[in-house]
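Participant: Please find one structure pasted underneath; my questions will follow.
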Amino acid sequence: MTGFTVHLDENAGPASTHALVIGVGKYTHLDGGESPTTHVGAAGMRQLSSPPLSARAFATWLINGYNEPLKPLASVALLLSEATPSPFVHPTTHEEHVVQAATIDNIEAAVKEWKRRGDADEDSRLVFYFCGHGVSQGTDVSLFASDMFADEESPFNGALDFGALWRGLNRCLASQQIFFVDACRASSDRLISRFGTDNRGKVPISGGEERPEGSAKKRQHAVYYATLDGEKSHARHDSVSLFTEALIRSLKGPGSQNIHNNVWRVSVDSLSLAMRLFMAERQFAGTVAGVQVPVNPEAFNFDFHVLTHDPVVPVYIGCDPAHDNDRAEFVVRGTGEPERRRGPVFEAETPNAEWPQDLSLGTYEIEATVGPGDVRRASLVTHPPLRHIGLAKP
C-alpha cells in the first residue's frame with residue numbers, strides 16, 4: 001500500500017471503485033492552531049472536531065458496507081488533520097494504518113494517485129469525500145487543507161479548487177464519478193476583496209471537455225453538497241456531521257428503491273431524496289432542520305450501492321394533534337418483531353416530539369394511549385425512504 005491507502009483489494013479487477021476520503025479538523029493557521037494567522041479573511045474560522053470523525057465514519061462504511069458487484073471496492077485513500085492523530089483501524093482486518101496529514105501537498109499527491117487508479121478502466125468509479133472548512137463564490141468552491149493561510153501573500157495556495165478538480169477529472173478514464181462535499185458554501189467577502197478570484201486553490205488536474213483517448217463512454221458524475229450555495233454547513237462537536245450521518249444512514253436503506261428485480265438499490269436520485277428528508281426532520285437535525293439543505297445540482301442518475309439485506313426504515317410515531325405526544329404511551333407490534341414501548345415523556349427536551357424508530361420492512365400495528373378512554377390505533381406498512389404516522393382520535 002502507498003502512504004495514503006488504508007484499504008487495497010488487488011483482486012477487485014480493473015473495473016472497480018476507488019475512493020479518496022479527506023477530513024480536515026485541525027488547522028495550523030486558524031484560531032486555536034499552533035500559528036494562527038492575522039489575516040482578516042480568517043476571522044471567525046476555528047478548529048473543527050467533526051471532520052476527522054466524519055471522514056473515518058465514511059471510510060469505514062465504504063470498507064464494511066459498500067456493495068457494487070459490477071464495480072467492487074478496490075482502494076480507499078484517507079487523509080486526516082485531527083487534534084490528536086491516531087491510526088485508522090481497518091474494520092475487517094483490524095490492521096492499523098498511519099494516516100497522512102491533510103496538507104495541500106498531500107492532498108494534491110493523493111488526488112493524482114487516485115486519478116491514476118481511475119485511469120485503469122473506463123468502467124471504474126471514483127468516489128471523493130471531503131469534510132472541513134470551505135468557501136464559495138457562486139459555483140466555485142475552495143476546500144481548505146490543514147495548512148490554509150500558510151502563504152501570507154496567497155493563502156488559497158493552501159486550498160483545493162474543487163470546481164477545477166471535478167472539471168479536470170473529465171480527463172480521467174473512469175466513466176462514473178461521485179463527489180460528497182461536506183463544507184460551507186458561504187462566500188468570504190474579505191478573502192475575495194483582498195486576494196481576488198484569480199486563485200481559488202490548487203488545481204492538481206486541469207482539463208476541458210475532451211474525454212481521454214481510448215474512452216468510448218461519456219462521463220457520468222454526481223456532486224452532492226452539504227448545503228445550498230451561499231449557506232453554511234453545520235457540524236456537531238465531537239460527533240459525525242449531520243450531512244455525513246444523513247449520508248451513511250441513507251445508504252443503509254432509506255435511500256434505496258427496489259424497482260428492478262426486487263433488488264434494493266441506492267441510486268444518485270434516491271440517495272439525494274433520503275438525505276434531504278433526513279435534514280428536514282427536527283428529530284434528526286434539530287434546530288437546523290430545513291435550514292441546511294443538501295443539494296446535488298450536478299448529477300446524472302445511476303445506481304451507486306446495492307443493499308445486501310432488506311432496508312431498515314426510519315419511522316416517526318406521534319399523535320394528531322402533536323401536543324399529545326409527550327403524555328402518550330406508544331406501542332409498536334409487528335409479526336416476528338419484539339414489541340416496542342415508550343412511556344410518557346413529560347420532561348422531554350423537545351416538547352411534543354415524535355418517537356423515532358428504525359423498523360424492518362413489514363406491517364405494524366401502532367397504538368397510543370393518551371389517557372383513560374383515549375386509545376388510538378393504526379396500521380403501518382413500512383417502506384423507504386421514511387414514514388410519519390400521526391394517531392388521531394377515532
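Labels used: A, B, ... for chains in the order of the C-alpha cells, numbers from 1 for residues in each chain, and numbers from 1 for ligands as shown.
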Applying 12 Å and only C-alpha atoms, which residues near Ala74 (chain A) remain after dropping the ones on its own chain fewer than 6 positions away? List them as a ChimeraX atom specification.

Facilitator: /A:1,5-20,62-63,66-68,114,117-118,120,124-127

Participant: If you count only C-alpha atoms, which residues fall within 7 Å of region 110-112 of chain A, apart from same-chain ones fewer than 4 positions away, as a ChimeraX atom specification?

Facilitator: /A:4,106,116,204

Participant: Can you work out which one of A:Val89, A:Ala164, A:Leu359, A:Ala328 has the shortest atom-to-atom distance to Arg376 (chain A), counting only C-alpha atoms?

Facilitator: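 Among the listed residues, the smallest separation from Arg376 (chain A) belongs to A:Ala328.
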
Participant: Name the residues of region 310-353 of chain A that fall into helix (DSSP H, G or I) according to DSSP on the backbone, using the chain letters and numbers of this document, as a list in words.

Facilitator: Ala322, His323, Asp324, Asn325, Asp326 and Arg327 of chain A

Participant: Give me, please, the distance in Å between CA of Tyr364 (chain A) and CA of Arg333 (chain A), quoted to one decimal.

Facilitator: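 Separating CA of Tyr364 (chain A) from CA of Arg333 (chain A) is a distance of 5.5 Å.
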
Participant: For Lys202 (chain A), find every residue with an atom within 8 Å (counting only C-alpha atoms), except residues of its own chain fewer than 5 positions away, and show them as a PDB file with C-alpha atoms, in the first residue's frame.

Facilitator:
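Result file follows (part-v9.pdb):
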ATOM      1  CA  ILE A 104      -2.334  20.711   0.494  1.00  0.00           C
ATOM      2  CA  GLU A 108      -2.530  17.127  -4.345  1.00  0.00           C
ATOM      3  CA  PHE A 156      -5.509  29.981  -1.385  1.00  0.00           C
ATOM      4  CA  ASN A 157      -2.339  28.053  -2.173  1.00  0.00           C
ATOM      5  CA  GLY A 158      -3.467  26.046   0.853  1.00  0.00           C
ATOM      6  CA  ALA A 159      -6.868  25.223  -0.650  1.00  0.00           C
ATOM      7  CA  LEU A 160      -8.161  22.771  -3.241  1.00  0.00           C
ATOM      8  CA  ASP A 161     -10.087  24.292  -6.149  1.00  0.00           C
TER       9      ASP A 161
END

Participant: Which neighbours of His309 (chain A) fall inside 10 Å, counting only C-alpha atoms, when residues of the same chain fewer than 6 positions from it are skipped, and could you give them as a list in words?

Facilitator: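 These residues fall inside the cut-off: Lys252, Gly253, Val263 and Trp264 of chain A.
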
Participant: Quick one: of A:Pro69, A:Gly214, A:Pro294, A:Gly201, who's nearest to Ala174 (chain A), counting only C-alpha atoms?

Facilitator: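 Closest to Ala174 (chain A) of all the choices is A:Gly214.
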
Participant: My list of candidates is A:Thr308, A:Gln283, A:Thr37, A:Gln292. Which is closest to Arg265 (chain A) when distances are computed with only C-alpha atoms?

Facilitator: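 Checking each of A:Thr308, A:Gln283, A:Thr37, A:Gln292 against Arg265 (chain A), counting only C-alpha atoms, the winner is A:Thr308.
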
Participant: Using only C-alpha atoms, which of A:Tyr27, A:Phe149, A:Phe58, A:Phe278 sits nearest Glu82 (chain A)?

Facilitator: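 Using only C-alpha atoms, Glu82 (chain A) sits closest to A:Tyr27.
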
Participant: Would you please give, as a list of chain:residue names, all residues of region 95-151 of chain A that DSSP assigns to strand (DSSP E) based on the backbone?

Facilitator: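 Of region 95-151 of chain A, the ones in strand (DSSP E) are A:Glu96, A:His97, A:Gln100, A:Ala101, A:Arg125, A:Leu126, A:Val127, A:Phe128, A:Tyr129, A:Phe130, A:Cys131, A:Gly134, A:Val135, A:Ser136, A:Gln137, A:Asp140, A:Val141, A:Ser142, A:Leu143, A:Phe144.
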
Participant: Please write the residues from the selection above to a file, keeping C-alpha atoms, as a PDB file, in the first residue's frame.

Facilitator:
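Okay, this is what ended up in again-v3.pdb:
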ATOM      1  CA  GLU A  96      -3.638  -0.252  11.972  1.00  0.00           C
ATOM      2  CA  HIS A  97      -2.697   2.281   9.305  1.00  0.00           C
ATOM      3  CA  GLN A 100      -1.105  11.044   6.456  1.00  0.00           C
ATOM      4  CA  ALA A 101      -1.873  14.676   7.278  1.00  0.00           C
ATOM      5  CA  ARG A 125     -15.732   4.507 -10.492  1.00  0.00           C
ATOM      6  CA  LEU A 126     -14.205   7.322  -8.452  1.00  0.00           C
ATOM      7  CA  VAL A 127     -15.623   8.402  -5.067  1.00  0.00           C
ATOM      8  CA  PHE A 128     -14.487  11.685  -3.474  1.00  0.00           C
ATOM      9  CA  TYR A 129     -15.375  12.816   0.063  1.00  0.00           C
ATOM     10  CA  PHE A 130     -14.275  15.995   1.837  1.00  0.00           C
ATOM     11  CA  CYS A 131     -15.276  17.349   5.242  1.00  0.00           C
ATOM     12  CA  GLY A 134     -14.674  25.726   2.659  1.00  0.00           C
ATOM     13  CA  VAL A 135     -15.762  28.947   0.977  1.00  0.00           C
ATOM     14  CA  SER A 136     -17.737  29.572  -2.173  1.00  0.00           C
ATOM     15  CA  GLN A 137     -18.156  32.294  -4.745  1.00  0.00           C
ATOM     16  CA  ASP A 140     -16.712  27.919  -7.397  1.00  0.00           C
ATOM     17  CA  VAL A 141     -15.815  26.159  -4.145  1.00  0.00           C
ATOM     18  CA  SER A 142     -12.473  26.208  -2.344  1.00  0.00           C
ATOM     19  CA  LEU A 143     -11.799  23.435   0.177  1.00  0.00           C
ATOM     20  CA  PHE A 144      -9.275  24.274   2.904  1.00  0.00           C
TER      21      PHE A 144
END

Participant: Can you tell me, as a list in words, what residues are no more than 10 Å from Ser267 (chain A) when counting only C-alpha atoms, ignoring any on the same chain fewer than 5 positions away?

Facilitator: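 That gives Leu251, Gly255, Ser256, Gln257, Ser272, Leu273, Phe300, Asn301, Phe302, Asp303, Phe304, His305 and Val306 of chain A.
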
Participant: With N, CA and C atoms retained, write the just-selected residues as a PDB file, in the first residue's frame.

Facilitator:
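Below you can see part_36.pdb, which holds the result:
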ATOM      1  N   LEU A 251     -27.637   5.449   2.985  1.00  0.00           N
ATOM      2  CA  LEU A 251     -27.022   4.354   2.238  1.00  0.00           C
ATOM      3  C   LEU A 251     -27.378   2.986   2.826  1.00  0.00           C
ATOM      4  N   GLY A 255     -32.326   5.356   1.503  1.00  0.00           N
ATOM      5  CA  GLY A 255     -32.062   5.872   0.162  1.00  0.00           C
ATOM      6  C   GLY A 255     -32.203   4.841  -0.935  1.00  0.00           C
ATOM      7  N   SER A 256     -32.857   3.719  -0.650  1.00  0.00           N
ATOM      8  CA  SER A 256     -32.923   2.629  -1.632  1.00  0.00           C
ATOM      9  C   SER A 256     -34.304   2.509  -2.270  1.00  0.00           C
ATOM     10  N   GLN A 257     -34.325   1.853  -3.441  1.00  0.00           N
ATOM     11  CA  GLN A 257     -35.553   1.511  -4.158  1.00  0.00           C
ATOM     12  C   GLN A 257     -35.402   0.095  -4.697  1.00  0.00           C
ATOM     13  N   SER A 272     -30.270  11.234  -2.848  1.00  0.00           N
ATOM     14  CA  SER A 272     -30.482  12.665  -2.647  1.00  0.00           C
ATOM     15  C   SER A 272     -31.796  12.924  -1.917  1.00  0.00           C
ATOM     16  N   LEU A 273     -32.862  12.233  -2.316  1.00  0.00           N
ATOM     17  CA  LEU A 273     -34.168  12.413  -1.670  1.00  0.00           C
ATOM     18  C   LEU A 273     -34.105  12.045  -0.197  1.00  0.00           C
ATOM     19  N   PHE A 300     -25.838  13.071 -12.910  1.00  0.00           N
ATOM     20  CA  PHE A 300     -26.507  12.046 -13.696  1.00  0.00           C
ATOM     21  C   PHE A 300     -27.133  11.083 -12.689  1.00  0.00           C
ATOM     22  N   ASN A 301     -28.114  10.309 -13.112  1.00  0.00           N
ATOM     23  CA  ASN A 301     -28.688   9.321 -12.208  1.00  0.00           C
ATOM     24  C   ASN A 301     -28.174   7.936 -12.581  1.00  0.00           C
ATOM     25  N   PHE A 302     -27.492   7.294 -11.635  1.00  0.00           N
ATOM     26  CA  PHE A 302     -27.034   5.923 -11.826  1.00  0.00           C
ATOM     27  C   PHE A 302     -27.030   5.236 -10.474  1.00  0.00           C
ATOM     28  N   ASP A 303     -27.035   3.910 -10.484  1.00  0.00           N
ATOM     29  CA  ASP A 303     -27.006   3.150  -9.229  1.00  0.00           C
ATOM     30  C   ASP A 303     -25.627   3.267  -8.598  1.00  0.00           C
ATOM     31  N   PHE A 304     -25.627   3.486  -7.279  1.00  0.00           N
ATOM     32  CA  PHE A 304     -24.366   3.669  -6.558  1.00  0.00           C
ATOM     33  C   PHE A 304     -24.054   2.506  -5.621  1.00  0.00           C
ATOM     34  N   HIS A 305     -25.090   1.907  -5.042  1.00  0.00           N
ATOM     35  CA  HIS A 305     -24.872   0.905  -3.997  1.00  0.00           C
ATOM     36  C   HIS A 305     -26.030  -0.075  -3.995  1.00  0.00           C
ATOM     37  N   VAL A 306     -25.729  -1.364  -3.791  1.00  0.00           N
ATOM     38  CA  VAL A 306     -26.746  -2.409  -3.751  1.00  0.00           C
ATOM     39  C   VAL A 306     -26.808  -2.972  -2.331  1.00  0.00           C
TER      40      VAL A 306
END

Participant: Report as a list of chain:residue names all protein, DNA and RNA residues lying within 7 Å of Asp324 (chain A), evaluated on only C-alpha atoms, omitting residues in the same chain fewer than 5 positions from it.

Facilitator: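 These residues fall inside the cut-off: A:Cys319, A:Asn352, A:Val370.
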
Participant: With only C-alpha atoms as the basis for distance, which of A:Thr60, A:Thr38, A:Ser81, A:Ser360 is at the shortest distance from His94 (chain A)?

Facilitator: A:Thr60

Participant: Taking 4 positions as the minimum chain separation for residues in the same chain, which residues sit within 7 Å of Glu122 (chain A) when counting only C-alpha atoms? Answer as a PDB file with N, CA and C atoms, in the first residue's frame.

Facilitator:
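See out_7.pdb below for the written result:
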ATOM      1  N   LEU A 173     -10.193   8.325 -17.140  1.00  0.00           N
ATOM      2  CA  LEU A 173     -10.901   7.302 -17.902  1.00  0.00           C
ATOM      3  C   LEU A 173     -12.138   6.786 -17.162  1.00  0.00           C
ATOM      4  N   ALA A 174     -12.108   6.801 -15.834  1.00  0.00           N
ATOM      5  CA  ALA A 174     -13.256   6.307 -15.055  1.00  0.00           C
ATOM      6  C   ALA A 174     -14.523   7.033 -15.493  1.00  0.00           C
ATOM      7  N   SER A 175     -15.522   6.287 -15.911  1.00  0.00           N
ATOM      8  CA  SER A 175     -16.713   6.912 -16.500  1.00  0.00           C
ATOM      9  C   SER A 175     -17.782   7.268 -15.474  1.00  0.00           C
ATOM     10  N   SER A 215     -11.381   6.440 -24.597  1.00  0.00           N
ATOM     11  CA  SER A 215     -12.640   6.386 -23.882  1.00  0.00           C
ATOM     12  C   SER A 215     -13.809   6.346 -24.853  1.00  0.00           C
TER      13      SER A 215
END

Participant: Would you mind telling me which residue in A:Ser270, A:Gln177, A:Ser154, A:Thr92 lies nearest to Asn64 (chain A) when using only C-alpha atoms?

Facilitator: A:Thr92

Participant: Measure the distance from CA of Val345 (chain A) to CA of Asp326 (chain A) in Å and round it to one decimal.

Facilitator: 4.9 Å

Participant: Please indicate the distance in Å from CA of Phe330 (chain A) to CA of Arg276 (chain A), rounded to one decimal place.

Facilitator: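 Answer for the CA of Phe330 (chain A) to CA of Arg276 (chain A) separation: 27.2 Å.
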